[in-house]
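Trainee: Coordinates in work_24.cif, mmCIF, C-alpha atoms, are listed below.
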data_input
loop_
_atom_site.label_atom_id
_atom_site.label_comp_id
_atom_site.auth_asym_id
_atom_site.auth_seq_id
_atom_site.Cartn_x
_atom_site.Cartn_y
_atom_site.Cartn_z
CA MET B 1 -29.71 -80.76 153.77
CA ILE B 2 -31.19 -78.20 151.39
CA LYS B 3 -29.80 -78.44 147.83
CA ARG B 4 -31.98 -75.99 145.89
CA ILE B 5 -33.94 -72.87 146.79
CA PHE B 6 -36.31 -71.21 144.34
CA THR B 7 -37.03 -67.59 145.32
CA VAL B 8 -39.83 -66.15 143.20
CA VAL B 9 -40.47 -62.39 143.30
CA LEU B 10 -43.99 -61.40 142.27
CA ASP B 11 -42.97 -57.91 141.21
CA SER B 12 -45.07 -55.33 143.15
CA PHE B 13 -47.31 -57.82 145.03
CA GLY B 14 -47.68 -55.80 148.24
CA ILE B 15 -50.05 -56.88 151.00
CA GLY B 16 -50.74 -53.65 152.90
CA ALA B 17 -49.23 -50.29 153.78
CA MET B 18 -46.16 -50.21 155.99
CA PRO B 19 -46.16 -47.98 159.11
CA ASP B 20 -44.16 -45.28 157.31
CA ALA B 21 -46.26 -45.35 154.12
CA ASP B 22 -47.50 -41.81 154.75
CA ARG B 23 -43.93 -40.52 154.24
CA TYR B 24 -44.17 -41.85 150.69
CA GLY B 25 -47.74 -40.70 150.04
CA ASP B 26 -48.94 -44.30 150.19
CA GLN B 27 -51.10 -44.42 153.30
CA GLY B 28 -53.90 -46.97 152.85
CA SER B 29 -52.25 -48.73 149.90
CA ASP B 30 -52.94 -52.45 149.72
CA THR B 31 -52.20 -54.20 146.43
CA LEU B 32 -53.66 -57.54 147.54
CA GLY B 33 -56.65 -55.76 149.03
CA ALA B 34 -57.35 -54.15 145.65
CA LEU B 35 -57.19 -57.52 143.91
CA THR B 36 -59.73 -59.10 146.25
CA LYS B 37 -62.35 -56.80 144.72
CA SER B 38 -61.87 -58.45 141.33
CA ALA B 39 -63.88 -61.48 140.26
CA ALA B 40 -60.78 -62.58 138.31
CA LEU B 41 -58.80 -63.45 141.47
CA ARG B 42 -58.38 -67.16 142.13
CA ALA B 43 -55.46 -68.11 144.38
CA PRO B 44 -56.01 -71.53 146.03
CA ASN B 45 -52.33 -72.49 145.91
CA LEU B 46 -51.10 -69.21 147.38
CA LEU B 47 -53.78 -69.59 150.07
CA SER B 48 -52.55 -73.13 150.74
CA MET B 49 -49.06 -71.70 151.23
CA GLY B 50 -50.42 -69.29 153.85
CA LEU B 51 -51.30 -66.05 152.04
CA GLY B 52 -54.60 -65.78 153.90
CA ALA B 53 -52.96 -66.43 157.29
CA ILE B 54 -50.51 -63.53 157.13
CA GLU B 55 -51.21 -60.71 159.58
CA GLY B 56 -53.26 -58.01 157.90
CA SER B 57 -53.93 -60.09 154.76
CA ALA B 58 -57.02 -59.05 152.81
CA LEU B 59 -57.70 -62.74 152.10
CA SER B 60 -58.60 -65.38 154.63
CA SER B 61 -58.47 -69.15 154.79
CA SER B 62 -59.46 -71.61 157.50
CA ALA B 63 -57.14 -74.38 156.29
CA GLN B 64 -53.76 -74.87 157.93
CA PRO B 65 -51.01 -73.59 155.59
CA ARG B 66 -48.86 -76.27 153.98
CA GLY B 67 -45.72 -74.35 154.87
CA ALA B 68 -44.42 -71.26 156.67
CA TYR B 69 -45.78 -67.78 156.20
CA GLY B 70 -45.23 -64.19 157.33
CA ARG B 71 -44.61 -60.73 155.96
CA LEU B 72 -41.51 -58.66 155.30
CA LEU B 73 -40.91 -55.03 156.23
CA GLU B 74 -38.57 -53.02 154.05
CA ARG B 75 -35.73 -51.33 155.91
CA SER B 76 -34.26 -49.63 152.87
CA ALA B 77 -35.07 -46.03 152.05
CA GLY B 78 -37.25 -46.42 149.00
CA LYS B 79 -39.92 -48.50 147.33
CA ASP B 80 -38.42 -49.47 144.01
CA THR B 81 -37.18 -52.56 142.22
CA THR B 82 -33.50 -52.10 142.96
CA THR B 83 -33.79 -51.43 146.70
CA GLY B 84 -36.32 -54.24 147.13
CA HIS B 85 -34.29 -56.90 145.34
CA TRP B 86 -30.98 -55.81 146.83
CA GLU B 87 -32.49 -56.02 150.31
CA LEU B 88 -33.85 -59.51 149.55
CA ALA B 89 -30.20 -60.31 148.77
CA GLY B 90 -28.90 -58.86 152.04
CA VAL B 91 -28.15 -55.21 151.21
CA VAL B 92 -30.07 -52.46 153.02
CA THR B 93 -29.98 -49.14 151.16
CA GLU B 94 -29.77 -46.49 153.87
CA ARG B 95 -29.51 -43.54 151.50
CA PRO B 96 -32.23 -43.37 148.87
CA PHE B 97 -31.26 -43.34 145.22
CA PRO B 98 -31.84 -39.91 143.61
CA THR B 99 -35.23 -39.13 142.09
CA TYR B 100 -36.26 -36.27 139.84
CA PRO B 101 -39.90 -35.26 140.40
CA GLU B 102 -39.37 -32.09 138.32
CA GLY B 103 -37.32 -33.79 135.61
CA PHE B 104 -33.53 -33.87 135.27
CA PRO B 105 -31.66 -30.57 135.77
CA ARG B 106 -30.57 -28.82 132.59
CA PRO B 107 -26.80 -29.21 133.22
CA LEU B 108 -27.29 -32.98 133.50
CA ILE B 109 -29.36 -33.09 130.30
CA ASP B 110 -26.60 -31.10 128.58
CA ARG B 111 -24.00 -33.67 129.68
CA LEU B 112 -26.19 -36.53 128.51
CA GLU B 113 -26.85 -34.96 125.12
CA LEU B 114 -23.15 -34.30 124.62
CA ALA B 115 -22.22 -37.88 125.52
CA LEU B 116 -25.02 -39.45 123.47
CA GLY B 117 -24.69 -37.15 120.47
CA VAL B 118 -28.48 -36.79 120.21
CA ARG B 119 -31.09 -34.39 121.58
CA LEU B 120 -33.46 -35.48 124.36
CA LEU B 121 -37.22 -34.84 124.40
CA CYS B 122 -39.70 -34.55 127.29
CA ASN B 123 -37.53 -34.75 130.45
CA ARG B 124 -40.45 -35.12 132.85
CA PRO B 125 -41.95 -37.81 135.06
CA TYR B 126 -44.36 -39.60 132.74
CA SER B 127 -46.42 -42.72 132.18
CA GLY B 128 -44.45 -44.95 129.83
CA THR B 129 -47.45 -45.68 127.62
CA GLN B 130 -48.56 -42.04 127.48
CA VAL B 131 -45.13 -40.58 126.80
CA ILE B 132 -44.79 -42.38 123.48
CA ARG B 133 -48.26 -41.20 122.46
CA ASP B 134 -47.38 -37.61 123.29
CA TYR B 135 -43.80 -37.54 121.98
CA GLY B 136 -43.57 -40.45 119.52
CA SER B 137 -44.30 -38.40 116.42
CA GLU B 138 -41.79 -35.68 117.35
CA HIS B 139 -39.21 -38.37 118.03
CA LEU B 140 -39.74 -39.84 114.55
CA ALA B 141 -39.63 -36.41 112.93
CA THR B 142 -36.50 -35.15 114.69
CA GLY B 143 -34.53 -38.26 115.73
CA ALA B 144 -34.36 -36.99 119.31
CA LEU B 145 -34.68 -39.66 122.03
CA ILE B 146 -37.59 -39.54 124.47
CA CYS B 147 -36.15 -39.13 127.98
CA TYR B 148 -38.39 -39.44 131.03
CA THR B 149 -38.46 -40.57 134.63
CA SER B 150 -40.97 -41.60 137.31
CA ALA B 151 -41.31 -41.63 141.08
CA ASP B 152 -38.56 -44.28 141.04
CA SER B 153 -34.86 -43.64 140.69
CA VAL B 154 -34.76 -44.17 136.93
CA LEU B 155 -33.80 -42.53 133.68
CA GLN B 156 -35.73 -44.04 130.77
CA LEU B 157 -34.86 -43.65 127.10
CA ALA B 158 -37.54 -44.53 124.55
CA ALA B 159 -37.04 -44.88 120.80
CA HIS B 160 -38.98 -46.34 117.88
CA GLU B 161 -37.42 -49.59 116.68
CA ASP B 162 -37.75 -48.53 113.03
CA LEU B 163 -35.69 -45.39 113.66
CA VAL B 164 -33.27 -46.51 116.36
CA PRO B 165 -32.26 -50.20 116.30
CA VAL B 166 -32.66 -51.81 119.71
CA GLU B 167 -28.94 -52.51 120.06
CA THR B 168 -28.26 -48.83 119.39
CA LEU B 169 -30.75 -47.86 122.10
CA TYR B 170 -28.97 -50.23 124.47
CA ARG B 171 -25.68 -48.54 123.60
CA TYR B 172 -27.18 -45.15 124.38
CA CYS B 173 -28.31 -46.49 127.76
CA LYS B 174 -24.84 -47.81 128.53
CA ILE B 175 -23.43 -44.36 127.80
CA ALA B 176 -26.09 -42.76 130.03
CA ARG B 177 -25.14 -45.23 132.77
CA GLU B 178 -21.56 -43.92 132.60
CA VAL B 179 -22.80 -40.32 132.87
CA MET B 180 -25.21 -40.93 135.76
CA THR B 181 -22.69 -41.22 138.58
CA GLY B 182 -22.08 -39.60 141.96
CA ASP B 183 -25.11 -37.65 143.17
CA ASP B 184 -26.90 -38.55 139.92
CA ALA B 185 -26.35 -42.32 140.24
CA VAL B 186 -29.94 -43.43 139.61
CA GLY B 187 -30.81 -47.02 140.40
CA ARG B 188 -31.56 -47.93 136.79
CA ILE B 189 -31.24 -46.68 133.23
CA ILE B 190 -34.03 -48.35 131.24
CA ALA B 191 -34.20 -48.84 127.47
CA ARG B 192 -37.82 -48.58 126.30
CA PRO B 193 -38.13 -49.55 122.62
CA PHE B 194 -41.51 -49.05 120.99
CA ALA B 195 -43.18 -49.66 117.64
CA GLY B 196 -46.37 -48.92 115.70
CA GLU B 197 -47.79 -45.81 114.11
CA ALA B 198 -49.17 -42.61 115.63
CA PRO B 199 -51.18 -42.34 117.73
CA ASP B 200 -51.19 -46.06 118.50
CA PHE B 201 -47.55 -46.56 119.42
CA TYR B 202 -46.90 -49.51 121.71
CA ARG B 203 -43.95 -50.65 123.81
CA THR B 204 -42.23 -53.83 122.70
CA GLU B 205 -40.90 -56.58 124.97
CA ARG B 206 -37.23 -55.73 124.35
CA ARG B 207 -36.92 -53.47 127.37
CA HIS B 208 -33.55 -53.71 129.09
CA ASP B 209 -32.43 -52.37 132.47
CA PHE B 210 -28.91 -51.10 133.17
CA SER B 211 -28.53 -51.07 136.95
CA LEU B 212 -25.92 -49.78 139.31
CA LYS B 213 -23.47 -52.45 140.34
CA PRO B 214 -24.43 -53.55 143.85
CA PRO B 215 -22.06 -54.04 146.76
CA THR B 216 -21.44 -57.63 147.83
CA THR B 217 -24.75 -59.51 148.03
CA LEU B 218 -25.97 -62.99 148.90
CA LEU B 219 -25.45 -63.92 145.25
CA ASP B 220 -21.70 -63.24 145.49
CA LEU B 221 -21.44 -65.18 148.74
CA LEU B 222 -23.21 -68.21 147.29
CA GLN B 223 -20.92 -68.20 144.26
CA GLN B 224 -17.87 -67.96 146.51
CA ALA B 225 -19.20 -70.97 148.42
CA GLY B 226 -19.41 -72.97 145.19
CA LYS B 227 -23.19 -72.76 144.74
CA ASP B 228 -25.03 -72.15 141.50
CA VAL B 229 -26.94 -68.86 141.17
CA LEU B 230 -29.53 -68.97 138.38
CA SER B 231 -31.28 -65.79 137.27
CA VAL B 232 -34.72 -65.80 135.62
CA GLY B 233 -36.19 -62.61 134.16
CA LYS B 234 -34.69 -59.24 135.04
CA ILE B 235 -32.72 -60.47 138.08
CA TYR B 236 -29.55 -60.36 135.98
CA ASP B 237 -30.21 -56.71 135.09
CA ILE B 238 -31.08 -55.69 138.67
CA PHE B 239 -27.75 -57.02 139.94
CA ALA B 240 -25.81 -55.88 136.83
CA GLY B 241 -24.83 -59.51 136.27
CA GLN B 242 -22.89 -59.64 139.54
CA GLY B 243 -23.01 -62.97 141.36
CA ILE B 244 -24.96 -64.72 138.58
CA SER B 245 -23.80 -68.12 137.30
CA GLN B 246 -26.38 -68.52 134.54
CA SER B 247 -29.04 -66.15 133.22
CA PHE B 248 -32.37 -66.92 131.59
CA PRO B 249 -33.83 -63.67 130.18
CA THR B 250 -37.59 -63.57 129.70
CA ALA B 251 -39.98 -61.16 127.99
CA ASN B 252 -43.02 -61.68 130.21
CA ASN B 253 -44.58 -63.69 133.02
CA ALA B 254 -45.48 -66.61 130.77
CA GLU B 255 -41.85 -67.07 129.75
CA GLY B 256 -40.69 -66.64 133.35
CA ILE B 257 -43.13 -69.24 134.66
CA ALA B 258 -42.22 -71.66 131.84
CA THR B 259 -38.52 -71.21 132.65
CA LEU B 260 -39.13 -71.79 136.35
CA SER B 261 -41.09 -74.93 135.52
CA ARG B 262 -38.25 -76.20 133.34
CA LEU B 263 -35.62 -75.48 136.01
CA ILE B 264 -37.59 -77.50 138.57
CA ASP B 265 -36.51 -80.54 136.54
CA THR B 266 -32.94 -79.30 135.95
CA PRO B 267 -30.11 -80.51 138.23
CA PHE B 268 -28.24 -77.74 140.05
CA GLU B 269 -27.25 -76.93 143.62
CA GLY B 270 -27.90 -73.44 144.89
CA LEU B 271 -30.34 -70.58 144.30
CA CYS B 272 -32.76 -69.96 141.45
CA PHE B 273 -33.83 -66.30 141.71
CA VAL B 274 -36.91 -65.43 139.63
CA ASN B 275 -38.59 -62.11 138.86
CA LEU B 276 -42.06 -62.02 137.28
CA VAL B 277 -42.38 -58.46 136.03
CA ASP B 278 -45.82 -58.27 134.40
CA PHE B 279 -47.67 -57.71 137.69
CA ASP B 280 -45.87 -54.39 138.02
CA MET B 281 -45.16 -53.33 134.45
CA LEU B 282 -48.46 -54.25 132.78
CA TYR B 283 -51.00 -54.01 135.59
CA GLY B 284 -49.83 -52.13 138.70
CA HIS B 285 -48.47 -49.12 136.81
CA ARG B 286 -51.52 -49.09 134.53
CA ASN B 287 -54.06 -49.30 137.37
CA ASP B 288 -55.51 -52.48 135.88
CA VAL B 289 -57.05 -54.30 138.84
CA ASP B 290 -58.66 -57.10 136.84
CA GLY B 291 -55.55 -57.65 134.72
CA TYR B 292 -53.41 -57.87 137.87
CA ALA B 293 -55.87 -60.27 139.50
CA LYS B 294 -55.91 -62.51 136.42
CA ALA B 295 -52.10 -62.52 136.29
CA ILE B 296 -51.94 -63.64 139.94
CA SER B 297 -54.51 -66.32 139.14
CA ASP B 298 -52.40 -67.50 136.18
CA PHE B 299 -49.33 -67.76 138.40
CA ASP B 300 -51.33 -69.56 141.07
CA ARG B 301 -52.57 -72.09 138.52
CA ALA B 302 -48.95 -72.71 137.45
CA LEU B 303 -48.01 -73.27 141.11
CA GLY B 304 -50.48 -76.17 141.12
CA ASP B 305 -48.19 -77.92 138.63
CA ILE B 306 -44.85 -76.70 139.99
CA LEU B 307 -45.17 -77.33 143.73
CA PRO B 308 -45.76 -81.11 143.52
CA ARG B 309 -42.58 -81.42 141.44
CA LEU B 310 -40.28 -79.96 144.10
CA LYS B 311 -37.64 -82.43 145.23
CA ASP B 312 -37.36 -83.52 148.86
CA ASP B 313 -34.38 -81.20 149.41
CA ASP B 314 -35.94 -78.15 147.70
CA LEU B 315 -37.49 -75.00 149.13
CA MET B 316 -39.86 -72.63 147.32
CA ILE B 317 -40.02 -69.01 148.56
CA VAL B 318 -42.65 -66.65 147.15
CA THR B 319 -42.31 -62.96 147.97
CA ALA B 320 -42.25 -59.48 146.39
CA ASP B 321 -40.07 -56.37 146.18
CA HIS B 322 -42.60 -53.55 146.90
CA GLY B 323 -46.25 -52.74 146.24
CA CYS B 324 -48.04 -51.09 143.32
CA ASP B 325 -51.69 -50.74 144.34
CA PRO B 326 -53.65 -50.61 141.06
CA SER B 327 -56.75 -49.15 142.73
CA THR B 328 -55.24 -45.83 143.85
CA PRO B 329 -55.02 -42.69 141.67
CA SER B 330 -51.23 -43.05 141.65
CA THR B 331 -49.54 -45.20 139.00
CA ASP B 332 -46.34 -45.44 141.06
CA HIS B 333 -45.01 -48.07 143.44
CA SER B 334 -46.40 -48.15 146.97
CA ARG B 335 -44.61 -48.62 150.30
CA GLU B 336 -46.08 -51.93 151.46
CA TYR B 337 -45.31 -55.08 153.37
CA VAL B 338 -44.65 -58.04 151.06
CA PRO B 339 -45.61 -61.68 151.59
CA LEU B 340 -43.24 -64.38 152.76
CA LEU B 341 -44.49 -67.84 151.76
CA ILE B 342 -42.25 -70.90 151.98
CA CYS B 343 -43.00 -74.54 151.32
CA GLY B 344 -41.21 -77.80 150.58
CA THR B 345 -40.79 -81.19 152.21
CA PRO B 346 -38.28 -79.89 154.83
CA VAL B 347 -40.60 -77.04 155.94
CA ARG B 348 -42.71 -77.26 159.08
CA GLN B 349 -46.39 -76.86 158.30
CA GLY B 350 -48.33 -73.90 159.62
CA VAL B 351 -45.35 -71.97 161.02
CA ASN B 352 -46.08 -68.26 161.47
CA LEU B 353 -42.83 -66.38 160.88
CA GLY B 354 -44.52 -63.13 161.87
CA THR B 355 -43.45 -59.70 160.65
CA ARG B 356 -39.78 -59.77 159.76
CA ALA B 357 -37.77 -56.61 160.43
CA THR B 358 -36.15 -56.57 156.98
CA PHE B 359 -36.40 -58.22 153.56
CA ALA B 360 -32.79 -59.28 154.25
CA ASP B 361 -34.01 -62.03 156.59
CA VAL B 362 -34.65 -63.98 153.38
CA ALA B 363 -30.99 -63.69 152.35
CA ALA B 364 -29.77 -64.62 155.84
CA THR B 365 -31.99 -67.71 155.83
CA VAL B 366 -30.96 -68.82 152.34
CA ALA B 367 -27.30 -68.53 153.34
CA ASP B 368 -27.97 -70.45 156.56
CA CYS B 369 -29.75 -73.24 154.69
CA PHE B 370 -26.65 -73.65 152.50
CA ASP B 371 -24.23 -73.32 155.47
CA CYS B 372 -22.72 -70.33 153.68
CA PRO B 373 -20.80 -67.65 155.65
CA TYR B 374 -23.02 -64.56 155.79
CA PRO B 375 -21.79 -61.13 157.02
CA LEU B 376 -24.67 -59.07 155.56
CA ALA B 377 -27.95 -57.69 156.97
CA GLY B 378 -30.80 -59.82 158.26
CA THR B 379 -31.54 -62.60 160.74
CA SER B 380 -32.00 -66.22 159.72
CA PHE B 381 -35.27 -67.98 160.56
CA LYS B 382 -33.94 -71.41 159.53
CA GLN B 383 -34.48 -72.90 162.97
CA GLU B 384 -38.14 -71.91 162.96
CA LEU B 385 -38.58 -72.98 159.35
CA LEU B 386 -37.15 -76.47 158.99
CA ARG B 387 -38.25 -79.72 160.56
#
I need this file expressed as structure tokens, please.

Mentor:
Amino acid sequence: MIKRIFTVVLDSFGIGAMPDADRYGDQGSDTLGALTKSAALRAPNLLSMGLGAIEGSALSSSAQPRGAYGRLLERSAGKDTTTGHWELAGVVTERPFPTYPEGFPRPLIDRLELALGVRLLCNRPYSGTQVIRDYGSEHLATGALICYTSADSVLQLAAHEDLVPVETLYRYCKIAREVMTGDDAVGRIIARPFAGEAPDFYRTERRHDFSLKPPTTLLDLLQQAGKDVLSVGKIYDIFAGQGISQSFPTANNAEGIATLSRLIDTPFEGLCFVNLVDFDMLYGHRNDVDGYAKAISDFDRALGDILPRLKDDDLMIVTADHGCDPSTPSTDHSREYVPLLICGTPVRQGVNLGTRATFADVAATVADCFDCPYPLAGTSFKQELLR
């Protein structure tokens, strides 16, 4: 019987373009492929789990994987954090969340400014690091908030911590969340506090996401079945707190990995759902191939300590939510397959799970392993997986 499942999402760790990538402008994208060109990449533990055996993988390994491996295809319409994580939890988003490639329409900005009581600057798709360089001084001079978006379904509000206290910025985002409904119901409202002096402003680690509330997900079903659902990193934000028993917020990968390591030795029965955001936020979006490769290597090194400490009734699942190829001209997410790597004492060694038709197969399998009723999307591969 399985008592604990640790599902770790390496945010944006895609492993090759999906068949419909051209519809998203992402043909040829391959996040893992980009990382293999960096001398900083060292991933012996991920290779031992089967990363090099996955169909189309840019890495290769002759050793038999210690567990099961495959790749996941996204069925949802989109390539962002919310759709990816929701689908991993059993919810396929058929209708894409709204995006604003030309910025938000003026009537919507008017409604936001009225509700917030402050003026908004910028209102364009923008790099988060560049927008504070270009608009930070005007923000400080006028008190107006910096409002911007991206290729994702997001509205982001940036403010200097010396001018707008972080809790006030969070309050503004909560108000914006109430305004952004109906056809304007973006996946996330993101608070982006920053600090420093012009022109060297920098984003701080007190970002906070205010997501749409999801429909019923695997997390709700597990709670209803009496299981624990532990959230590490921004999982709590992505699911708007719904279905979470206990949350462990983190500021970066190092804190997320340390929390995961601590929870390996913590008694609970259920799911520990982990997001490691730095791969996406610090490296994918900034086209930093070497930084991304080093971050994967750091995680891999931590796996060398974590995996031997799994209990006999534990499973470890390593996957991702989308791609973000750091070698392409784009700084946006990419429509890619994501890895499916599973190990633990109950797992059959060297099992090829193939290409799964939806991320939701993970949710179906987790529910099946816990004998939890599951009416959502996806097909369980428990029978193929366990001894």

Trainee: Do a neighbour search on Thr142 in chain B at 9 Å with all atoms listed in the file, toss out local chain neighbours closer than 4 positions, and write the hits as number ranges by chain.

Mentor: B: 119, 137-138

Trainee: Please write as a count of residues only the full residue list that the PyMOL selection byres ((chain B and resi 3) around 8) yields on this file.

Mentor: 10

Trainee: Given the file shown, enumerate the residues that the PyMOL selection byres ((chain B and resi 210) around 9) captures and present them as a VMD selection string.

Mentor: chain B and resid 170 173 to 174 177 187 to 191 208 to 209 211 to 212 237 to 238 240

Trainee: CA of Glu384 in chain B and CA of Val347 in chain B are how many Å apart?

Mentor: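 Between CA of Glu384 in chain B and CA of Val347 in chain B the gap is 9.0 Å.
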
Trainee: So which residues get picked by the PyMOL selection byres ((chain B and resi 376) around 9) here, written as a ChimeraX atom specification?

Mentor: /B:89-92,216-218,360,363-364,374-375,377-378

Trainee: Grab the CA of Glu74 in chain B to CA of Ala17 in chain B distance for me, in Å with one decimal place.

Mentor: 11.0 Å

Trainee: How many Å separate CA of Leu222 in chain B from CA of Val8 in chain B?

Mentor: 17.2 Å

Trainee: Identify, on the basis of all atoms listed in the file, every residue whose closest approach to Ala251 in chain B does not exceed 9 Å; exclude the query and any residue fewer than 3 positions from it along the same chain; express the result as a PyMOL selection string.

Mentor: chain B and resi 205-207+233+254-256+277

Trainee: Using only C-alpha atoms, which residue out of B:Leu108, B:Asp298, B:Thr379, B:Ala357 lies closest to Ala43 in chain B?

Mentor: B:Asp298

Trainee: Excluding same-chain residues fewer than 2 positions from Arg133 in chain B, what lies within 7 Å of it counting all atoms listed in the file, as a PyMOL selection string?

Mentor: chain B and resi 129-131+135-136+199-201

Trainee: Pick out the residues sitting within 8 Å of Val289 in chain B, and hand them over as a list of chain:residue names; count all atoms listed in the file, and ignore anything fewer than 3 positions along from it in its own chain.

Mentor: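 What passes the distance filter is B:Ala34, B:Leu35, B:Ser38, B:Tyr283, B:Gly284, B:Tyr292, B:Ala293, B:Pro326, B:Ser327.
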
Trainee: Using all atoms listed in the file, which of B:Ala367, B:Ser127, B:Gly241, B:Gly67 sits nearest Thr345 in chain B?

Mentor: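 The closest residue to Thr345 in chain B is B:Gly67.
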
Trainee: Excluding Asn123 in chain B and its own-chain neighbours fewer than 2 positions away, which residues fall within 9 Å of it when counting only C-alpha atoms? Please give them as a ChimeraX atom specification.

Mentor: /B:102-105,109,120-121,125-126,146-149

Trainee: If the box runs along x, y and z of the file and leaves 8 Å on each side of range 355-359 of chain B, what are its centre and edge lengths in Å, one decimal, as JSON?

Mentor:
{"center_x": -39.8, "center_y": -58.2, "center_z": 157.1, "size_x": 23.3, "size_y": 19.2, "size_z": 23.1}

Trainee: Which is closer to Arg348 in chain B than all the others in B:Ile306, B:Ile15, B:Ala77, B:Ala68, using all atoms listed in the file?

Mentor: B:Ala68

Trainee: For Val232 in chain B, which of B:Ile257, B:Leu169, B:Ile317, B:Leu340 is the closest residue, counting all atoms listed in the file?

Mentor: B:Ile257

Trainee: List every protein, DNA or RNA residue with an atom no more than 12 Å from (-56.3, -59.0, 146.6) in the file's coordinates, counting only C-alpha atoms, and format the result as a ChimeraX atom specification.

Mentor: /B:13-16,29-43,46-47,51-52,56-60,289-297,323-327

Trainee: For Gly344 in chain B, which residue among B:Met49, B:Gln246, B:Asp184, B:Thr259 is the nearest when counting only C-alpha atoms?

Mentor: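 Nearest to Gly344 in chain B: B:Met49.
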